[in-house]
file target.csv (CSV, N, CA and C atoms and all ligand atoms)
chain,number,residue,atom,x,y,z
C,23,MET,N,0.9,-1.1,0.0
C,23,MET,CA,0.0,0.0,0.0
C,23,MET,C,0.9,1.2,0.0
C,24,PRO,N,0.8,2.6,-0.3
C,24,PRO,CA,0.1,3.3,0.7
C,24,PRO,C,-1.3,2.9,0.8
C,25,PHE,N,-1.8,3.1,2.0
C,25,PHE,CA,-3.2,2.6,2.3
C,25,PHE,C,-4.0,2.8,1.0
C,26,THR,N,-4.6,1.7,0.6
C,26,THR,CA,-5.2,1.6,-0.8
C,26,THR,C,-6.0,2.8,-1.2
C,27,PRO,N,-6.9,3.4,-0.4
C,27,PRO,CA,-7.7,4.5,-0.8
C,27,PRO,C,-6.8,5.7,-1.3
C,28,PHE,N,-5.6,5.8,-0.8
C,28,PHE,CA,-4.8,7.0,-1.2
C,28,PHE,C,-4.4,6.8,-2.7
C,29,HIS,N,-4.4,5.6,-3.2
C,29,HIS,CA,-4.1,5.4,-4.6
C,29,HIS,C,-5.2,6.1,-5.5
C,30,MET,N,-6.3,6.3,-5.0
C,30,MET,CA,-7.4,6.9,-5.8
C,30,MET,C,-7.1,8.4,-6.1
C,31,GLY,N,-6.3,9.0,-5.3
C,31,GLY,CA,-5.9,10.4,-5.5
C,31,GLY,C,-5.3,10.6,-6.9
C,32,PRO,N,-4.2,9.9,-7.2
C,32,PRO,CA,-3.6,10.0,-8.5
C,32,PRO,C,-4.6,9.5,-9.6
C,33,GLY,N,-5.4,8.5,-9.3
C,33,GLY,CA,-6.4,8.1,-10.2
C,33,GLY,C,-7.4,9.2,-10.6
C,34,ALA,N,-7.8,10.0,-9.6
C,34,ALA,CA,-8.7,11.1,-9.9
C,34,ALA,C,-8.0,12.1,-10.8
C,35,ALA,N,-6.8,12.3,-10.5
C,35,ALA,CA,-6.0,13.3,-11.4
C,35,ALA,C,-5.9,12.8,-12.8
C,36,ILE,N,-5.7,11.5,-12.9
C,36,ILE,CA,-5.6,10.9,-14.3
C,36,ILE,C,-6.9,11.0,-15.0
C,37,LYS,N,-8.0,10.7,-14.2
C,37,LYS,CA,-9.4,10.8,-14.8
C,37,LYS,C,-9.7,12.2,-15.3
C,38,ALA,N,-9.2,13.2,-14.5
C,38,ALA,CA,-9.5,14.6,-14.8
C,38,ALA,C,-8.8,15.0,-16.1
C,39,MET,N,-7.6,14.4,-16.3
C,39,MET,CA,-6.8,14.7,-17.5
C,39,MET,C,-7.3,13.9,-18.8
C,40,THR,N,-7.8,12.7,-18.6
C,40,THR,CA,-8.1,11.8,-19.7
C,40,THR,C,-9.6,11.7,-20.0
C,41,GLY,N,-10.5,12.1,-19.1
C,41,GLY,CA,-11.9,12.0,-19.3
C,41,GLY,C,-12.4,10.6,-19.5
C,42,LYS,N,-13.2,10.5,-20.6
C,42,LYS,CA,-13.9,9.2,-20.8
C,42,LYS,C,-12.9,8.1,-21.2
C,43,TYR,N,-11.7,8.4,-21.5
C,43,TYR,CA,-10.7,7.4,-21.9
C,43,TYR,C,-10.1,6.6,-20.7
C,44,PHE,N,-10.5,6.9,-19.5
C,44,PHE,CA,-10.0,6.3,-18.3
C,44,PHE,C,-11.2,6.0,-17.3
C,45,SER,N,-11.2,4.7,-16.9
C,45,SER,CA,-12.3,4.3,-16.0
C,45,SER,C,-11.7,4.4,-14.5
C,46,LEU,N,-12.3,5.3,-13.8
C,46,LEU,CA,-11.9,5.4,-12.4
C,46,LEU,C,-12.3,4.1,-11.6
C,47,MET,N,-13.5,3.5,-12.0
C,47,MET,CA,-14.0,2.3,-11.3
C,47,MET,C,-13.0,1.2,-11.6
C,48,VAL,N,-12.6,1.0,-12.8
C,48,VAL,CA,-11.7,-0.1,-13.1
C,48,VAL,C,-10.3,0.1,-12.4
C,49,PHE,N,-9.9,1.4,-12.4
C,49,PHE,CA,-8.6,1.7,-11.7
C,49,PHE,C,-8.7,1.4,-10.3
C,50,GLY,N,-9.8,1.8,-9.6
C,50,GLY,CA,-10.0,1.5,-8.2
C,50,GLY,C,-10.1,0.0,-7.9
C,51,PHE,N,-10.8,-0.7,-8.8
C,51,PHE,CA,-10.8,-2.2,-8.6
C,51,PHE,C,-9.4,-2.8,-8.7
C,52,ALA,N,-8.6,-2.3,-9.6
C,52,ALA,CA,-7.3,-2.9,-9.8
C,52,ALA,C,-6.4,-2.6,-8.6
C,53,GLN,N,-6.6,-1.4,-8.0
C,53,GLN,CA,-5.8,-1.0,-6.8
C,53,GLN,C,-6.1,-1.9,-5.6
C,54,VAL,N,-7.4,-2.2,-5.4
C,54,VAL,CA,-7.8,-3.1,-4.3
C,54,VAL,C,-7.3,-4.5,-4.6
C,55,ALA,N,-7.5,-5.0,-5.9
C,55,ALA,CA,-7.2,-6.3,-6.3
C,55,ALA,C,-5.7,-6.6,-6.0
C,56,MET,N,-4.8,-5.7,-6.3
C,56,MET,CA,-3.4,-6.0,-6.2
C,56,MET,C,-2.9,-5.9,-4.7
C,57,ASP,N,-3.7,-5.2,-3.9
C,57,ASP,CA,-3.4,-5.2,-2.4
C,57,ASP,C,-3.9,-6.4,-1.7
C,58,VAL,N,-4.6,-7.3,-2.4
C,58,VAL,CA,-5.0,-8.6,-1.8
C,58,VAL,C,-3.8,-9.4,-1.4
C,59,GLU,N,-2.8,-9.4,-2.3
C,59,GLU,CA,-1.6,-10.2,-2.0
C,59,GLU,C,-0.9,-9.8,-0.7
C,60,PRO,N,-0.6,-8.5,-0.4
C,60,PRO,CA,0.0,-8.1,0.9
C,60,PRO,C,-1.0,-8.4,2.0
C,61,LEU,N,-2.3,-8.3,1.8
C,61,LEU,CA,-3.2,-8.6,2.9
C,61,LEU,C,-3.1,-10.1,3.3
C,62,VAL,N,-3.1,-11.0,2.3
C,62,VAL,CA,-3.0,-12.4,2.5
C,62,VAL,C,-1.6,-12.7,3.2
C,63,ARG,N,-0.6,-12.0,2.7
C,63,ARG,CA,0.7,-12.3,3.3
C,63,ARG,C,0.8,-11.8,4.8
C,64,ILE,N,0.1,-10.7,5.1
C,64,ILE,CA,0.0,-10.2,6.5
C,64,ILE,C,-0.6,-11.3,7.3
C,65,LEU,N,-1.8,-11.8,6.8
C,65,LEU,CA,-2.5,-12.8,7.6
C,65,LEU,C,-1.7,-14.1,7.8
C,66,ARG,N,-0.8,-14.4,6.8
C,66,ARG,CA,0.0,-15.6,7.0
C,66,ARG,C,1.3,-15.3,7.8
C,67,GLY,N,1.5,-14.1,8.1
C,67,GLY,CA,2.7,-13.8,8.8
C,67,GLY,C,4.0,-13.8,8.0
C,68,ASP,N,3.9,-13.6,6.7
C,68,ASP,CA,5.1,-13.7,5.8
C,68,ASP,C,6.0,-12.5,6.1
C,69,SER,N,7.3,-12.6,5.9
C,69,SER,CA,8.2,-11.5,6.1
C,69,SER,C,8.2,-10.6,4.9
C,70,VAL,N,8.0,-11.1,3.8
C,70,VAL,CA,7.8,-10.2,2.6
C,70,VAL,C,6.4,-10.1,2.2
C,71,LEU,N,5.9,-8.9,2.2
C,71,LEU,CA,4.4,-8.7,2.0
C,71,LEU,C,4.1,-8.3,0.5
C,72,HIS,N,5.0,-7.7,-0.1
C,72,HIS,CA,4.8,-7.2,-1.5
C,72,HIS,C,5.6,-8.0,-2.5
C,73,GLY,N,4.9,-8.9,-3.1
C,73,GLY,CA,5.5,-9.9,-4.0
C,73,GLY,C,5.2,-9.5,-5.5
C,74,PHE,N,4.8,-10.5,-6.3
C,74,PHE,CA,4.7,-10.4,-7.7
C,74,PHE,C,3.7,-9.3,-8.1
C,75,SER,N,2.6,-9.1,-7.4
C,75,SER,CA,1.6,-8.1,-7.7
C,75,SER,C,2.2,-6.7,-7.6
C,76,HIS,N,3.3,-6.5,-6.9
C,76,HIS,CA,3.9,-5.2,-6.7
C,76,HIS,C,5.2,-5.1,-7.4
C,77,THR,N,5.2,-5.7,-8.6
C,77,THR,CA,6.4,-5.5,-9.5
C,77,THR,C,5.8,-4.9,-10.8
C,78,TYR,N,6.7,-4.3,-11.6
C,78,TYR,CA,6.2,-3.8,-12.9
C,78,TYR,C,5.8,-4.9,-13.8
C,79,VAL,N,6.4,-6.1,-13.7
C,79,VAL,CA,5.9,-7.2,-14.5
C,79,VAL,C,4.5,-7.6,-14.1
C,80,GLY,N,4.2,-7.6,-12.8
C,80,GLY,CA,2.9,-7.9,-12.3
C,80,GLY,C,1.9,-6.8,-12.7
C,81,ALA,N,2.4,-5.6,-12.7
C,81,ALA,CA,1.5,-4.5,-13.1
C,81,ALA,C,1.1,-4.5,-14.5
C,82,LEU,N,1.8,-5.2,-15.4
C,82,LEU,CA,1.5,-5.4,-16.8
C,82,LEU,C,0.1,-6.1,-16.9
C,83,LEU,N,-0.2,-7.0,-16.0
C,83,LEU,CA,-1.4,-7.8,-16.1
C,83,LEU,C,-2.7,-7.0,-15.9
C,84,ILE,N,-2.7,-6.0,-15.0
C,84,ILE,CA,-3.9,-5.2,-14.7
C,84,ILE,C,-3.6,-3.7,-14.9
C,85,GLY,N,-2.5,-3.3,-15.4
C,85,GLY,CA,-2.2,-1.8,-15.6
C,85,GLY,C,-2.1,-1.0,-14.3
C,86,THR,N,-1.3,-1.4,-13.4
C,86,THR,CA,-1.2,-0.7,-12.1
C,86,THR,C,0.1,-0.2,-11.8
C,87,PHE,N,0.7,0.5,-12.8
C,87,PHE,CA,2.1,1.0,-12.7
C,87,PHE,C,2.2,2.1,-11.6
C,88,SER,N,1.1,3.0,-11.6
C,88,SER,CA,1.2,4.0,-10.5
C,88,SER,C,1.2,3.4,-9.1
C,89,HIS,N,0.5,2.4,-8.9
C,89,HIS,CA,0.5,1.7,-7.6
C,89,HIS,C,1.9,1.2,-7.3
C,90,VAL,N,2.5,0.5,-8.2
C,90,VAL,CA,3.9,0.0,-8.0
C,90,VAL,C,4.8,1.1,-7.7
C,91,PHE,N,4.7,2.2,-8.5
C,91,PHE,CA,5.6,3.4,-8.3
C,91,PHE,C,5.4,4.0,-6.9
C,92,LEU,N,4.2,4.2,-6.5
C,92,LEU,CA,3.9,4.9,-5.2
C,92,LEU,C,4.4,4.0,-4.1
C,93,ASP,N,4.0,2.7,-4.2
C,93,ASP,CA,4.4,1.8,-3.1
C,93,ASP,C,5.9,1.6,-3.0
C,94,SER,N,6.6,1.7,-4.1
C,94,SER,CA,8.1,1.6,-4.1
C,94,SER,C,8.7,2.6,-3.3
C,95,ILE,N,8.1,3.7,-3.1
C,95,ILE,CA,8.7,4.8,-2.3
C,95,ILE,C,8.6,4.5,-0.8
C,96,MET,N,7.7,3.7,-0.4
C,96,MET,CA,7.5,3.6,1.1
C,96,MET,C,7.7,2.2,1.6
C,97,HIS,N,7.8,1.1,0.8
C,97,HIS,CA,7.9,-0.2,1.3
C,97,HIS,C,9.3,-0.8,1.0
C,98,SER,N,10.0,-1.1,2.1
C,98,SER,CA,11.4,-1.6,2.0
C,98,SER,C,11.4,-3.1,1.5
C,99,ASP,N,10.3,-3.8,1.5
C,99,ASP,CA,10.3,-5.2,1.1
C,99,ASP,C,10.0,-5.3,-0.4
C,100,MET,N,9.8,-4.2,-1.1
C,100,MET,CA,9.4,-4.2,-2.5
C,100,MET,C,10.6,-4.4,-3.4
C,101,GLN,N,10.5,-5.2,-4.4
C,101,GLN,CA,11.5,-5.3,-5.5
C,101,GLN,C,10.7,-5.1,-6.8
C,102,PRO,N,10.5,-3.8,-7.1
C,102,PRO,CA,9.6,-3.5,-8.3
C,102,PRO,C,10.1,-4.0,-9.6
C,103,PHE,N,11.4,-4.2,-9.7
C,103,PHE,CA,11.9,-4.6,-11.0
C,103,PHE,C,12.2,-6.1,-11.1
C,104,SER,N,11.7,-6.8,-10.1
C,104,SER,CA,11.9,-8.3,-10.1
C,104,SER,C,11.2,-8.9,-11.3
C,105,PRO,N,11.6,-9.8,-12.0
C,105,PRO,CA,12.8,-10.7,-11.7
C,105,PRO,C,14.1,-10.2,-12.2
C,106,PHE,N,14.2,-9.0,-12.8
C,106,PHE,CA,15.4,-8.5,-13.4
C,106,PHE,C,16.4,-7.9,-12.4
C,107,SER,N,15.8,-7.3,-11.3
C,107,SER,CA,16.7,-6.7,-10.3
C,107,SER,C,16.0,-6.7,-9.0
C,108,ALA,N,16.8,-6.8,-7.9
C,108,ALA,CA,16.2,-6.8,-6.6
C,108,ALA,C,16.3,-5.5,-6.0
C,109,SER,N,16.8,-4.5,-6.7
C,109,SER,CA,16.9,-3.1,-6.1
C,109,SER,C,15.6,-2.3,-6.2
C,110,ASN,N,15.6,-1.4,-5.3
C,110,ASN,CA,14.4,-0.4,-5.3
C,110,ASN,C,15.0,1.0,-5.1
C,111,GLY,N,15.3,1.6,-6.2
C,111,GLY,CA,15.9,2.9,-6.2
C,111,GLY,C,15.0,4.0,-5.7
C,112,LEU,N,13.7,3.8,-5.6
C,112,LEU,CA,12.8,4.8,-5.2
C,112,LEU,C,12.5,4.8,-3.7
C,113,LEU,N,13.0,3.8,-3.0
C,113,LEU,CA,12.7,3.7,-1.6
C,113,LEU,C,13.2,5.0,-0.9
C,114,HIS,N,12.2,5.6,-0.2
C,114,HIS,CA,12.4,6.7,0.7
C,114,HIS,C,13.0,7.9,-0.1
C,115,ILE,N,12.6,8.1,-1.3
C,115,ILE,CA,13.0,9.3,-2.0
C,115,ILE,C,12.3,10.5,-1.5
C,116,MET,N,11.2,10.3,-0.8
C,116,MET,CA,10.5,11.4,-0.1
C,116,MET,C,9.9,10.8,1.2
C,117,PRO,N,9.6,11.6,2.2
C,117,PRO,CA,9.0,11.1,3.4
C,117,PRO,C,7.6,10.6,3.1
C,118,VAL,N,7.2,9.6,3.9
C,118,VAL,CA,5.9,8.9,3.7
C,118,VAL,C,4.8,9.9,3.8
C,119,GLY,N,4.9,10.8,4.8
C,119,GLY,CA,3.9,11.9,5.0
C,119,GLY,C,3.7,12.7,3.7
C,120,TRP,N,4.8,13.0,3.0
C,120,TRP,CA,4.7,13.8,1.8
C,120,TRP,C,4.0,13.0,0.7
C,121,LEU,N,4.3,11.7,0.7
C,121,LEU,CA,3.7,10.8,-0.3
C,121,LEU,C,2.1,10.8,-0.1
C,122,TYR,N,1.7,10.7,1.1
C,122,TYR,CA,0.3,10.7,1.4
C,122,TYR,C,-0.3,12.1,1.0
C,123,LEU,N,0.4,13.1,1.4
C,123,LEU,CA,0.0,14.5,1.0
C,123,LEU,C,-0.2,14.7,-0.5
C,124,LEU,N,0.8,14.2,-1.2
C,124,LEU,CA,0.8,14.2,-2.7
C,124,LEU,C,-0.4,13.5,-3.2
C,125,CYS,N,-0.7,12.3,-2.7
C,125,CYS,CA,-1.9,11.6,-3.1
C,125,CYS,C,-3.2,12.4,-2.9
C,126,VAL,N,-3.3,13.0,-1.7
C,126,VAL,CA,-4.5,13.7,-1.3
C,126,VAL,C,-4.6,15.0,-2.2
C,127,LEU,N,-3.5,15.7,-2.5
C,127,LEU,CA,-3.5,16.9,-3.3
C,127,LEU,C,-3.9,16.5,-4.7
C,128,LEU,N,-3.4,15.4,-5.3
C,128,LEU,CA,-3.8,15.0,-6.6
C,128,LEU,C,-5.3,14.6,-6.6
C,129,GLY,N,-5.7,14.0,-5.6
C,129,GLY,CA,-7.2,13.6,-5.6
C,129,GLY,C,-8.1,14.8,-5.5
C,130,VAL,N,-7.7,15.8,-4.6
C,130,VAL,CA,-8.6,17.0,-4.5
C,130,VAL,C,-8.5,17.8,-5.8
C,131,SER,N,-7.3,17.9,-6.4
C,131,SER,CA,-7.2,18.6,-7.7
C,131,SER,C,-8.0,17.9,-8.8
C,132,GLY,N,-7.9,16.6,-8.9
C,132,GLY,CA,-8.6,15.9,-9.9
C,132,GLY,C,-10.1,16.0,-9.7
C,133,LEU,N,-10.6,15.9,-8.5
C,133,LEU,CA,-12.0,16.1,-8.2
C,133,LEU,C,-12.5,17.5,-8.6
C,134,MET,N,-11.7,18.5,-8.2
C,134,MET,CA,-12.1,19.9,-8.5
C,134,MET,C,-12.2,20.1,-10.1
C,135,ILE,N,-11.2,19.5,-10.8
C,135,ILE,CA,-11.2,19.7,-12.2
C,135,ILE,C,-12.5,19.0,-12.8
C,136,MET,N,-12.7,17.7,-12.3
C,136,MET,CA,-13.9,17.0,-12.8
C,136,MET,C,-15.2,17.7,-12.5
C,137,LEU,N,-15.3,18.3,-11.3
C,137,LEU,CA,-16.5,19.0,-10.9
C,137,LEU,C,-16.6,20.3,-11.8
C,138,ALA,N,-15.6,21.0,-12.1
C,138,ALA,CA,-15.6,22.2,-12.9
C,138,ALA,C,-16.0,21.8,-14.3
C,139,ALA,N,-15.5,20.7,-14.8
C,139,ALA,CA,-15.8,20.3,-16.2
C,139,ALA,C,-17.3,19.8,-16.3
C,140,GLY,N,-17.8,19.2,-15.2
C,140,GLY,CA,-19.2,18.8,-15.2
C,140,GLY,C,-20.1,20.0,-15.2
C,141,MET,N,-19.7,21.0,-14.4
C,141,MET,CA,-20.6,22.2,-14.3
C,141,MET,C,-20.6,23.0,-15.6
C,142,ARG,N,-19.4,23.0,-16.3
C,142,ARG,CA,-19.3,23.7,-17.6
C,142,ARG,C,-20.1,23.0,-18.7
C,143,ASN,N,-20.3,21.7,-18.6
C,143,ASN,CA,-21.0,20.9,-19.6
C,143,ASN,C,-22.5,21.0,-19.4
C,144,LYS,N,-23.0,21.5,-18.3
C,144,LYS,CA,-24.4,21.6,-18.0
C,144,LYS,C,-25.0,22.9,-18.6
I,1,ZN,ZN,0.0,-1.9,-2.7
call {"tool": "encode", "arguments": {"input": "target.csv", "output": "C-alpha cells"}}
result
Amino acid sequence: MPFTPFHMGPGAAIKAMTGKYFSLMVFGFAQVAMDVEPLVRILRGDSVLHGFSHTYVGALLIGTFSHVFLDSIMHSDMQPFSPFSASNGLLHIMPVGWLYLLCVLLGVSGLMIMLAAGMRNK
C-alpha cells in the first residue's frame, strides 16, 4: 500500500486529464485487487508482504504502474523490477507523509477539475 484508498488520488487526477478514456472504477478495482496479495501475506505472517503483484511485470497484467511506483517509495520489502533486479531505487526518495499528502492533493485537484468540467457541460 500506501493505504489503498490513497491510490485513488492519482487516479482522480488521471481521470481529470483523460476524461472518458480512463475508468476510475476499473482503476479502483485494480488498486484493491493488487493489495489482496499483501493482505494475505500479512494474515499468513510472511516476512515479505509485497510480491509479484507489486512488480512492474505484475502491473502489466492489470495496468497498475502508478500503484507499484507509489508503493516503491514507502515499502522496503518491494522489489519492483523483479525478476530483473532486486533493487528499489525509489525507496524513501520522499518522506511517507509527503507521499500521502501528494496523493491527497492529486485527488482534490482531480475532483475539482472533474467538478468544474461537469458544471461547464451543463
Ligand atoms: Zn499496494
call {"tool": "atom_distance", "arguments": {"input": "target.csv", "atom1": "CA of Phe49 in chain C", "atom2": "CA of Ala34 in chain C"}}
result
9.6 Å
call {"tool": "residues_near_ligand", "arguments": {"input": "target.csv", "ligand": "ligand ZN 1 (chain I)", "cutoff": "12 Å", "atoms": "only C-alpha atoms and all ligand atoms", "output": "ChimeraX atom specification"}}
result
/C:23-30,50,52-61,71-77,80-81,86-97,99-100,102
call {"tool": "closest_residue", "arguments": {"input": "target.csv", "among": "C:Ala108, C:Leu128, C:Ile64, C:Ile135", "to": "Gly41 in chain C", "atoms": "only C-alpha atoms"}}
result
C:Ile135
call {"tool": "residues_around", "arguments": {"input": "target.csv", "residues": "Val126 in chain C", "least_positions_apart": "2", "cutoff": "8 Å", "atoms": "all atoms listed in the file", "output": "list in words"}}
result
Phe28, His29, Met30, Gly31, Pro32, Trp120, Leu121, Tyr122, Leu123, Leu124, Leu128, Gly129, Val130, Ser131 and Gly132 of chain C
call {"tool": "write_last_selection", "arguments": {"input": "target.csv", "atoms": "N, CA and C atoms", "output": "short mmCIF file (atom, residue, chain, number, x, y, z; two decimals), keeping the file's coordinate frame"}}
result
data_model
loop_
_atom_site.label_atom_id
_atom_site.label_comp_id
_atom_site.auth_asym_id
_atom_site.auth_seq_id
_atom_site.Cartn_x
_atom_site.Cartn_y
_atom_site.Cartn_z
N PHE C 28 -5.60 5.80 -0.80
CA PHE C 28 -4.80 7.00 -1.20
C PHE C 28 -4.40 6.80 -2.70
N HIS C 29 -4.40 5.60 -3.20
CA HIS C 29 -4.10 5.40 -4.60
C HIS C 29 -5.20 6.10 -5.50
N MET C 30 -6.30 6.30 -5.00
CA MET C 30 -7.40 6.90 -5.80
C MET C 30 -7.10 8.40 -6.10
N GLY C 31 -6.30 9.00 -5.30
CA GLY C 31 -5.90 10.40 -5.50
C GLY C 31 -5.30 10.60 -6.90
N PRO C 32 -4.20 9.90 -7.20
CA PRO C 32 -3.60 10.00 -8.50
C PRO C 32 -4.60 9.50 -9.60
N TRP C 120 4.80 13.00 3.00
CA TRP C 120 4.70 13.80 1.80
C TRP C 120 4.00 13.00 0.70
N LEU C 121 4.30 11.70 0.70
CA LEU C 121 3.70 10.80 -0.30
C LEU C 121 2.10 10.80 -0.10
N TYR C 122 1.70 10.70 1.10
CA TYR C 122 0.30 10.70 1.40
C TYR C 122 -0.30 12.10 1.00
N LEU C 123 0.40 13.10 1.40
CA LEU C 123 0.00 14.50 1.00
C LEU C 123 -0.20 14.70 -0.50
N LEU C 124 0.80 14.20 -1.20
CA LEU C 124 0.80 14.20 -2.70
C LEU C 124 -0.40 13.50 -3.20
N LEU C 128 -3.40 15.40 -5.30
CA LEU C 128 -3.80 15.00 -6.60
C LEU C 128 -5.30 14.60 -6.60
N GLY C 129 -5.70 14.00 -5.60
CA GLY C 129 -7.20 13.60 -5.60
C GLY C 129 -8.10 14.80 -5.50
N VAL C 130 -7.70 15.80 -4.60
CA VAL C 130 -8.60 17.00 -4.50
C VAL C 130 -8.50 17.80 -5.80
N SER C 131 -7.30 17.90 -6.40
CA SER C 131 -7.20 18.60 -7.70
C SER C 131 -8.00 17.90 -8.80
N GLY C 132 -7.90 16.60 -8.90
CA GLY C 132 -8.60 15.90 -9.90
C GLY C 132 -10.10 16.00 -9.70
#
call {"tool": "atom_distance", "arguments": {"input": "target.csv", "atom1": "CA of Ala35 in chain C", "atom2": "CA of Val62 in chain C"}}
result
29.4 Å
call {"tool": "atom_distance", "arguments": {"input": "target.csv", "atom1": "CA of Gly119 in chain C", "atom2": "CA of Ser98 in chain C"}}
result
15.7 Å
call {"tool": "select_by_dssp", "arguments": {"input": "target.csv", "residues": "chain C", "states": "alpha helix (DSSP H)", "output": "ChimeraX atom specification"}}
result
/C:30-40,46-56,58-66,78-84,87-96,118-143
call {"tool": "closest_residue", "arguments": {"input": "target.csv", "among": "C:Asn143, C:Val70, C:Tyr78, C:Gly85", "to": "Pro105 in chain C", "atoms": "only C-alpha atoms"}}
result
C:Tyr78
call {"tool": "decode", "arguments": {"input": "target.csv", "residues": "range 79-93 of chain C", "atoms": "N, CA and C atoms", "output": "tab-separated table (two decimals), in the first residue's frame"}}
result
chain	number	residue	atom	x	y	z
C	79	VAL	N	6.37	-6.07	-13.72
C	79	VAL	CA	5.92	-7.20	-14.53
C	79	VAL	C	4.50	-7.58	-14.11
C	80	GLY	N	4.24	-7.62	-12.82
C	80	GLY	CA	2.90	-7.91	-12.33
C	80	GLY	C	1.91	-6.83	-12.72
C	81	ALA	N	2.37	-5.58	-12.73
C	81	ALA	CA	1.50	-4.46	-13.09
C	81	ALA	C	1.05	-4.52	-14.54
C	82	LEU	N	1.85	-5.22	-15.38
C	82	LEU	CA	1.45	-5.38	-16.78
C	82	LEU	C	0.10	-6.07	-16.92
C	83	LEU	N	-0.21	-7.00	-15.98
C	83	LEU	CA	-1.43	-7.80	-16.08
C	83	LEU	C	-2.68	-6.96	-15.91
C	84	ILE	N	-2.65	-5.97	-15.02
C	84	ILE	CA	-3.86	-5.17	-14.74
C	84	ILE	C	-3.63	-3.68	-14.86
C	85	GLY	N	-2.46	-3.25	-15.35
C	85	GLY	CA	-2.22	-1.83	-15.58
C	85	GLY	C	-2.14	-1.00	-14.31
C	86	THR	N	-1.32	-1.42	-13.39
C	86	THR	CA	-1.25	-0.74	-12.08
C	86	THR	C	0.14	-0.15	-11.83
C	87	PHE	N	0.70	0.48	-12.83
C	87	PHE	CA	2.06	1.03	-12.71
C	87	PHE	C	2.15	2.12	-11.65
C	88	SER	N	1.12	2.96	-11.56
C	88	SER	CA	1.18	4.04	-10.55
C	88	SER	C	1.21	3.45	-9.14
C	89	HIS	N	0.51	2.35	-8.94
C	89	HIS	CA	0.47	1.70	-7.63
C	89	HIS	C	1.87	1.18	-7.26
C	90	VAL	N	2.51	0.50	-8.21
C	90	VAL	CA	3.86	-0.02	-7.96
C	90	VAL	C	4.82	1.14	-7.70
C	91	PHE	N	4.70	2.21	-8.49
C	91	PHE	CA	5.57	3.37	-8.32
C	91	PHE	C	5.41	3.98	-6.92
C	92	LEU	N	4.18	4.23	-6.52
C	92	LEU	CA	3.94	4.87	-5.22
C	92	LEU	C	4.36	3.96	-4.06
C	93	ASP	N	4.02	2.68	-4.16
C	93	ASP	CA	4.40	1.75	-3.09
C	93	ASP	C	5.91	1.57	-3.01
